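In what follows, a single structure is set out as structure tokens and then discussed.
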Amino acid sequence: MTIITNANSQQAKFPIPFIENYKHVVLDPAKTELTEDQRDALKHNIQLWRDAMVLFTASGNARGVAGHTGGPFDSVVELCILLGILAGDPDGEKYVHTLFDEAGHRVPIQYMVAAFRGKIPASSLLTYRAAYSGLPGHPELNHPSADFSSGRLGHMWPFVNGVALSEKKTVFCLGSDGAQQEGNDVEAARLAVNFKLDVKLIIDDNNMTVIGPSRDVLPDFDIGRTLAAEGLAVFEADGEDVDAAYAAIAKTLQHKGPACAILHRLICPGIEVLEGSNHGHDAISVDHAIKYLKKRGYGPEIYGILHEIHGAKDTRVYQGSSKETDGNRYVFGHAVNACLDELAPGEAERRVTVIDSDLQLSTGLSFIRKEHPEVFHNSGIMERANLSCAAGFGFNNDKQGIFSTFTAFSEMCLSEMTMVRGALSRPVWETVFINSNFRRASTTQISCATSPTLDVMIWYVDPISADPELLERWSLNFSIRSFEQADNTCHFGVNGFFLDNGLDEAPATGLYFAADAAQMFAVVKRIFWDKGLRTVFSTRSKVPYILKENSEERFYGPDYVFKPGKDEVIRPGTVGTVVSYGDMLYRALDAVTTLRNEGVDVGLVNKVTLNVIDEESLKQISSTGFVLIVEAWNRKTGLGSKMGTWLIERGYHVKYSYMGTHRDGIGGTWEQIIHQGLGPEHIEQRIRELL
């Protein structure tokens, strides 16, 4: 592995000189006590890098692409200690110098290290999460700023075990109390102990996840006790006491074999309002960053930079759709509440359970928690177990289990879904209702993974559709502005069809992806009490309402009734048909409208039930000049990879093409759709090629 150590990089400078003013310090872990000079140098470096971290991550907030401050800010202590230890091993004989990290959202640490080692210009940090900046929301190897890919909790430690097995050196892995909730980490611990690997886990235990204190959700879960039971040597310390933190890390290195240093602290120590609060998890607001930097003695020439940063906006008005937008992921929670409200007193608690995996604010479950707390359960970051638990609750004939996560994370649950589906062959039917948020880096223009499509982590605050508690939380950190979370490939929820992995004889697994908030409400209401696995996808981004042709009237009005398995004709056409769904429908509608205004009779079909063949619809669209599938899911696994086969099997001969996600992400928000070639202009061009 290439090792670059360059504390005097000539790259363009960052406003806070965390590289130029870094104090070179060499630490020998054979000694557990710091000298006075070492302690002073570490304290200086920690404060300097934390100041830079605040300015750096606040730039994401200023740009409107969100980000994370708390985890990276916390872990600067262990980062500076590890840099001192690695400085004593310049040739890489003892240690692998890549500082692996389980929490992908702590990527600002990796970017600062990349700048410190001369891999990227330090000034580029102020482009955090911007499109094409090379600094996306999680580290990915297709960018020069990253040495590894990370982003889904619980996936890095097992990988690091393999690195240790291969390199025969000490390997460091930064961890967190959140990541330790994942079952993968327990297996990784056993593997490390079994192979006697020299893996050193440094855990930031700030007792905080997105929704609040970890110990409120899992009060009996003790990280140290758990890892010790698996056979690791465990050393615990106050993470804000530099001497204690260093001693704990040094002891892990003195121990032969796998060991762990657990550093306890409050999240965002020293940042007013955010310290000890879940508000600190995300990118610090510009106002709070400026307040912090002023208190630290920085002038307007430093903090004023944040006022000069503005994000690119998509100003397009989409033809055939409303200017008003709404969040499908929030509507999911409201629709479930409407179903529960219809039950007799006490029946909701008896018949329904809702299990949250720390994503209630992103998938709309917070609305259920507020209106029907009797059915709601916080259950930590344990997607596989939570899904199976919801399914088990629904094993009884008249009961319903509800589980939600980001679409990207649903890939972790495929085995559980297979076993759950197998249970359906028994006389008593299991029912589990999955709300998955399709997460993609985006603004109002992209699918994200968190609710109906695993609209995964794009967090939207808006007075129209956010509940007051959620609005209060985000307005504190985001100054009442609406944000989409710019993310990247590891959080693209583009493989939704993986969830329909049963055999033809197996009970059907419904995959439903509504086009707007009105249709989402109707879909959930209609399928709520159906039997078997049902997956409802949404987007993190808000979407406009689909309108009737040449009208301001909503296509999905108050009289609309959703019919599972039936495709819906949005615009009838004769020369060809575009088939789309979810957040791509309004984009496709824009392209279709342009052509129809020119007199080209192109049709548009909304395939709401993704995995059920509508024979009547197939026959009709095959009679037109072409069929074009437009979707934001993976071209290799999405609807486009399937519908062509359906047409051929039935002997239909028609021009066929399909468009979908096919490129690695580039950060940013709405720019991701353009990067994938899925904007209305790209759809229009493809249609013209087919005419």
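Chain labels A, B, ... are given in the sequence in which chains occur in the structure tokens; within each chain residues are numbered consecutively from 1, and ligands are likewise numbered from 1 in the order shown.
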>> What's around segment 413-419 of chain A at 9 Å? Count only C-alpha atoms, leave out sequence neighbours fewer than 5 positions away in its own chain, and write the answer as a PyMOL selection string.
In response: chain A and resi 383-385+387-388+391+498-499+501-502+533
>> Taking only segment 139-341 of chain A into account, list the residues labelled helix (DSSP H, G or I) by DSSP (computed from the backbone), as a ChimeraX atom specification.
In response: /A:156-167,179-181,183-194,214-217,223-230,242-254,278-281,286-295,300-308,328-341
Please produce an output containing C-alpha atoms for each residue in the selection, written as a PDB file, in the first residue's frame.
```pdb
ATOM      1  CA  MET A 156     -15.996  -2.397   7.315  1.00  0.00           C
ATOM      2  CA  TRP A 157     -14.722  -4.435  10.264  1.00  0.00           C
ATOM      3  CA  PRO A 158     -15.108  -7.806   8.463  1.00  0.00           C
ATOM      4  CA  PHE A 159     -13.235  -6.284   5.507  1.00  0.00           C
ATOM      5  CA  VAL A 160     -10.477  -4.990   7.786  1.00  0.00           C
ATOM      6  CA  ASN A 161     -10.059  -8.509   9.152  1.00  0.00           C
ATOM      7  CA  GLY A 162      -9.177  -9.599   5.636  1.00  0.00           C
ATOM      8  CA  VAL A 163      -6.665  -6.779   5.262  1.00  0.00           C
ATOM      9  CA  ALA A 164      -4.990  -7.854   8.509  1.00  0.00           C
ATOM     10  CA  LEU A 165      -4.944 -11.476   7.379  1.00  0.00           C
ATOM     11  CA  SER A 166      -3.269 -10.442   4.120  1.00  0.00           C
ATOM     12  CA  GLU A 167      -0.834  -7.763   5.293  1.00  0.00           C
ATOM     13  CA  ALA A 179     -21.978   0.524  13.964  1.00  0.00           C
ATOM     14  CA  GLN A 180     -21.568  -1.864  16.893  1.00  0.00           C
ATOM     15  CA  GLN A 181     -25.321  -2.450  16.875  1.00  0.00           C
ATOM     16  CA  GLY A 183     -24.821  -8.050  13.670  1.00  0.00           C
ATOM     17  CA  ASN A 184     -21.897  -8.084  11.222  1.00  0.00           C
ATOM     18  CA  ASP A 185     -19.649  -6.635  13.898  1.00  0.00           C
ATOM     19  CA  VAL A 186     -20.296  -9.497  16.285  1.00  0.00           C
ATOM     20  CA  GLU A 187     -19.287 -11.965  13.587  1.00  0.00           C
ATOM     21  CA  ALA A 188     -16.233  -9.837  12.762  1.00  0.00           C
ATOM     22  CA  ALA A 189     -15.200  -9.898  16.409  1.00  0.00           C
ATOM     23  CA  ARG A 190     -15.366 -13.691  16.506  1.00  0.00           C
ATOM     24  CA  LEU A 191     -13.402 -13.982  13.282  1.00  0.00           C
ATOM     25  CA  ALA A 192     -10.674 -11.604  14.503  1.00  0.00           C
ATOM     26  CA  VAL A 193     -10.323 -13.559  17.734  1.00  0.00           C
ATOM     27  CA  ASN A 194     -10.397 -16.931  15.979  1.00  0.00           C
ATOM     28  CA  SER A 214     -28.161   5.034  21.832  1.00  0.00           C
ATOM     29  CA  ARG A 215     -28.754   3.883  25.397  1.00  0.00           C
ATOM     30  CA  ASP A 216     -32.329   5.118  25.306  1.00  0.00           C
ATOM     31  CA  VAL A 217     -32.973   2.648  22.495  1.00  0.00           C
ATOM     32  CA  ILE A 223     -20.163  -2.477  23.814  1.00  0.00           C
ATOM     33  CA  GLY A 224     -17.237  -3.299  26.072  1.00  0.00           C
ATOM     34  CA  ARG A 225     -18.976  -6.238  27.711  1.00  0.00           C
ATOM     35  CA  THR A 226     -20.094  -7.577  24.328  1.00  0.00           C
ATOM     36  CA  LEU A 227     -16.657  -7.398  22.709  1.00  0.00           C
ATOM     37  CA  ALA A 228     -14.928  -8.794  25.774  1.00  0.00           C
ATOM     38  CA  ALA A 229     -17.322 -11.737  25.720  1.00  0.00           C
ATOM     39  CA  GLU A 230     -16.223 -12.426  22.141  1.00  0.00           C
ATOM     40  CA  VAL A 242      -6.023  13.112  25.812  1.00  0.00           C
ATOM     41  CA  ASP A 243      -3.812  11.208  28.249  1.00  0.00           C
ATOM     42  CA  ALA A 244      -6.485   8.600  28.954  1.00  0.00           C
ATOM     43  CA  ALA A 245      -7.424   8.233  25.284  1.00  0.00           C
ATOM     44  CA  TYR A 246      -3.793   7.781  24.284  1.00  0.00           C
ATOM     45  CA  ALA A 247      -3.177   5.236  27.039  1.00  0.00           C
ATOM     46  CA  ALA A 248      -6.179   3.158  25.931  1.00  0.00           C
ATOM     47  CA  ILE A 249      -5.024   3.142  22.299  1.00  0.00           C
ATOM     48  CA  ALA A 250      -1.440   2.353  23.312  1.00  0.00           C
ATOM     49  CA  LYS A 251      -2.658  -0.611  25.368  1.00  0.00           C
ATOM     50  CA  THR A 252      -4.459  -2.044  22.356  1.00  0.00           C
ATOM     51  CA  LEU A 253      -1.118  -1.989  20.523  1.00  0.00           C
ATOM     52  CA  GLN A 254       0.708  -3.580  23.423  1.00  0.00           C
ATOM     53  CA  ASN A 278     -28.609  14.363  18.194  1.00  0.00           C
ATOM     54  CA  HIS A 279     -28.668  17.679  16.327  1.00  0.00           C
ATOM     55  CA  GLY A 280     -24.896  17.292  16.208  1.00  0.00           C
ATOM     56  CA  HIS A 281     -25.089  14.193  14.030  1.00  0.00           C
ATOM     57  CA  VAL A 286     -23.869  28.095   9.184  1.00  0.00           C
ATOM     58  CA  ASP A 287     -25.114  30.112  12.161  1.00  0.00           C
ATOM     59  CA  HIS A 288     -23.796  27.643  14.709  1.00  0.00           C
ATOM     60  CA  ALA A 289     -20.506  27.270  12.855  1.00  0.00           C
ATOM     61  CA  ILE A 290     -19.978  31.030  12.830  1.00  0.00           C
ATOM     62  CA  LYS A 291     -20.812  31.263  16.528  1.00  0.00           C
ATOM     63  CA  TYR A 292     -18.300  28.510  17.290  1.00  0.00           C
ATOM     64  CA  LEU A 293     -15.558  30.032  15.114  1.00  0.00           C
ATOM     65  CA  LYS A 294     -16.066  33.490  16.601  1.00  0.00           C
ATOM     66  CA  LYS A 295     -15.723  32.028  20.075  1.00  0.00           C
ATOM     67  CA  PRO A 300     -14.879  37.362   9.338  1.00  0.00           C
ATOM     68  CA  GLU A 301     -12.137  36.558   6.822  1.00  0.00           C
ATOM     69  CA  ILE A 302     -12.584  32.924   7.955  1.00  0.00           C
ATOM     70  CA  TYR A 303     -16.221  32.417   8.929  1.00  0.00           C
ATOM     71  CA  GLY A 304     -17.444  34.880   6.303  1.00  0.00           C
ATOM     72  CA  ILE A 305     -16.492  32.315   3.666  1.00  0.00           C
ATOM     73  CA  LEU A 306     -19.626  30.364   4.578  1.00  0.00           C
ATOM     74  CA  HIS A 307     -21.813  33.243   3.406  1.00  0.00           C
ATOM     75  CA  GLU A 308     -20.142  33.074   0.003  1.00  0.00           C
ATOM     76  CA  ASN A 328     -43.941  10.479  -0.301  1.00  0.00           C
ATOM     77  CA  ARG A 329     -41.929   9.167   2.618  1.00  0.00           C
ATOM     78  CA  TYR A 330     -43.878  11.355   5.028  1.00  0.00           C
ATOM     79  CA  VAL A 331     -47.186  10.429   3.433  1.00  0.00           C
ATOM     80  CA  PHE A 332     -46.424   6.782   4.150  1.00  0.00           C
ATOM     81  CA  GLY A 333     -46.620   7.489   7.892  1.00  0.00           C
ATOM     82  CA  HIS A 334     -49.835   9.467   7.507  1.00  0.00           C
ATOM     83  CA  ALA A 335     -51.407   6.691   5.440  1.00  0.00           C
ATOM     84  CA  VAL A 336     -50.538   4.036   8.029  1.00  0.00           C
ATOM     85  CA  ASN A 337     -52.055   6.247  10.718  1.00  0.00           C
ATOM     86  CA  ALA A 338     -55.245   6.502   8.662  1.00  0.00           C
ATOM     87  CA  CYS A 339     -55.440   2.698   8.584  1.00  0.00           C
ATOM     88  CA  LEU A 340     -54.850   2.439  12.319  1.00  0.00           C
ATOM     89  CA  ASP A 341     -57.435   5.129  13.070  1.00  0.00           C
TER      90      ASP A 341
END
```
> Using only C-alpha atoms, which residues sit within 6 Å of segment 311-320 of chain A once same-chain residues fewer than 4 positions away are excluded, as a ChimeraX atom specification?
Replying inline: /A:63-64,547,590
Pull C-alpha atoms from the residues just selected and write them as an mmCIF file, in the first residue's frame.
```
data_model
loop_
_atom_site.group_PDB
_atom_site.id
_atom_site.type_symbol
_atom_site.label_atom_id
_atom_site.label_comp_id
_atom_site.auth_asym_id
_atom_site.auth_seq_id
_atom_site.Cartn_x
_atom_site.Cartn_y
_atom_site.Cartn_z
ATOM 1 C CA ARG A 63 -24.325 24.611 -0.117
ATOM 2 C CA GLY A 64 -27.606 22.894 0.754
ATOM 3 C CA LEU A 547 -51.576 16.551 -13.424
ATOM 4 C CA ASP A 590 -42.046 16.476 -19.138
#
```
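Between atom CA of Gln519 of chain A and atom CA of Gln676 of chain A the separation is 26.1 Å.
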> Which neighbours of Ile546 of chain A fall inside 8 Å, counting only C-alpha atoms, when residues of the same chain fewer than 6 positions from it are skipped, and could you give them as a count of residues only?
Replying inline: 9
Would you mind listing, for every residue of segment 64-93 of chain A within 10 Å of segment 267-275 of chain A, the two atoms forming the shortest contact and the distance between them in Å to one decimal, using only C-alpha atoms, sorted by chain and ascending residue number, as a Markdown table?
```
| residue | atom | partner | partner_atom | distance |
| --- | --- | --- | --- | --- |
| A:Thr69 | CA | A:Cys268 | CA | 7.8 |
| A:Gly70 | CA | A:Cys268 | CA | 5.2 |
| A:Gly71 | CA | A:Ile267 | CA | 7.2 |
| A:Pro72 | CA | A:Cys268 | CA | 9.1 |
| A:Phe73 | CA | A:Cys268 | CA | 6.3 |
| A:Asp74 | CA | A:Cys268 | CA | 6.0 |
| A:Ser75 | CA | A:Ile267 | CA | 9.7 |
```
How about saving the chosen residues, C-alpha atoms kept, as an mmCIF file, in the first residue's frame?
```cif
data_model
loop_
_atom_site.group_PDB
_atom_site.id
_atom_site.type_symbol
_atom_site.label_atom_id
_atom_site.label_comp_id
_atom_site.auth_asym_id
_atom_site.auth_seq_id
_atom_site.Cartn_x
_atom_site.Cartn_y
_atom_site.Cartn_z
ATOM 1 C CA THR A 69 -20.163 17.088 11.704
ATOM 2 C CA GLY A 70 -20.597 15.198 15.003
ATOM 3 C CA GLY A 71 -18.858 11.892 14.295
ATOM 4 C CA PRO A 72 -15.880 13.402 12.445
ATOM 5 C CA PHE A 73 -15.506 16.184 15.025
ATOM 6 C CA ASP A 74 -15.497 13.669 17.880
ATOM 7 C CA SER A 75 -12.972 11.347 16.303
#
```
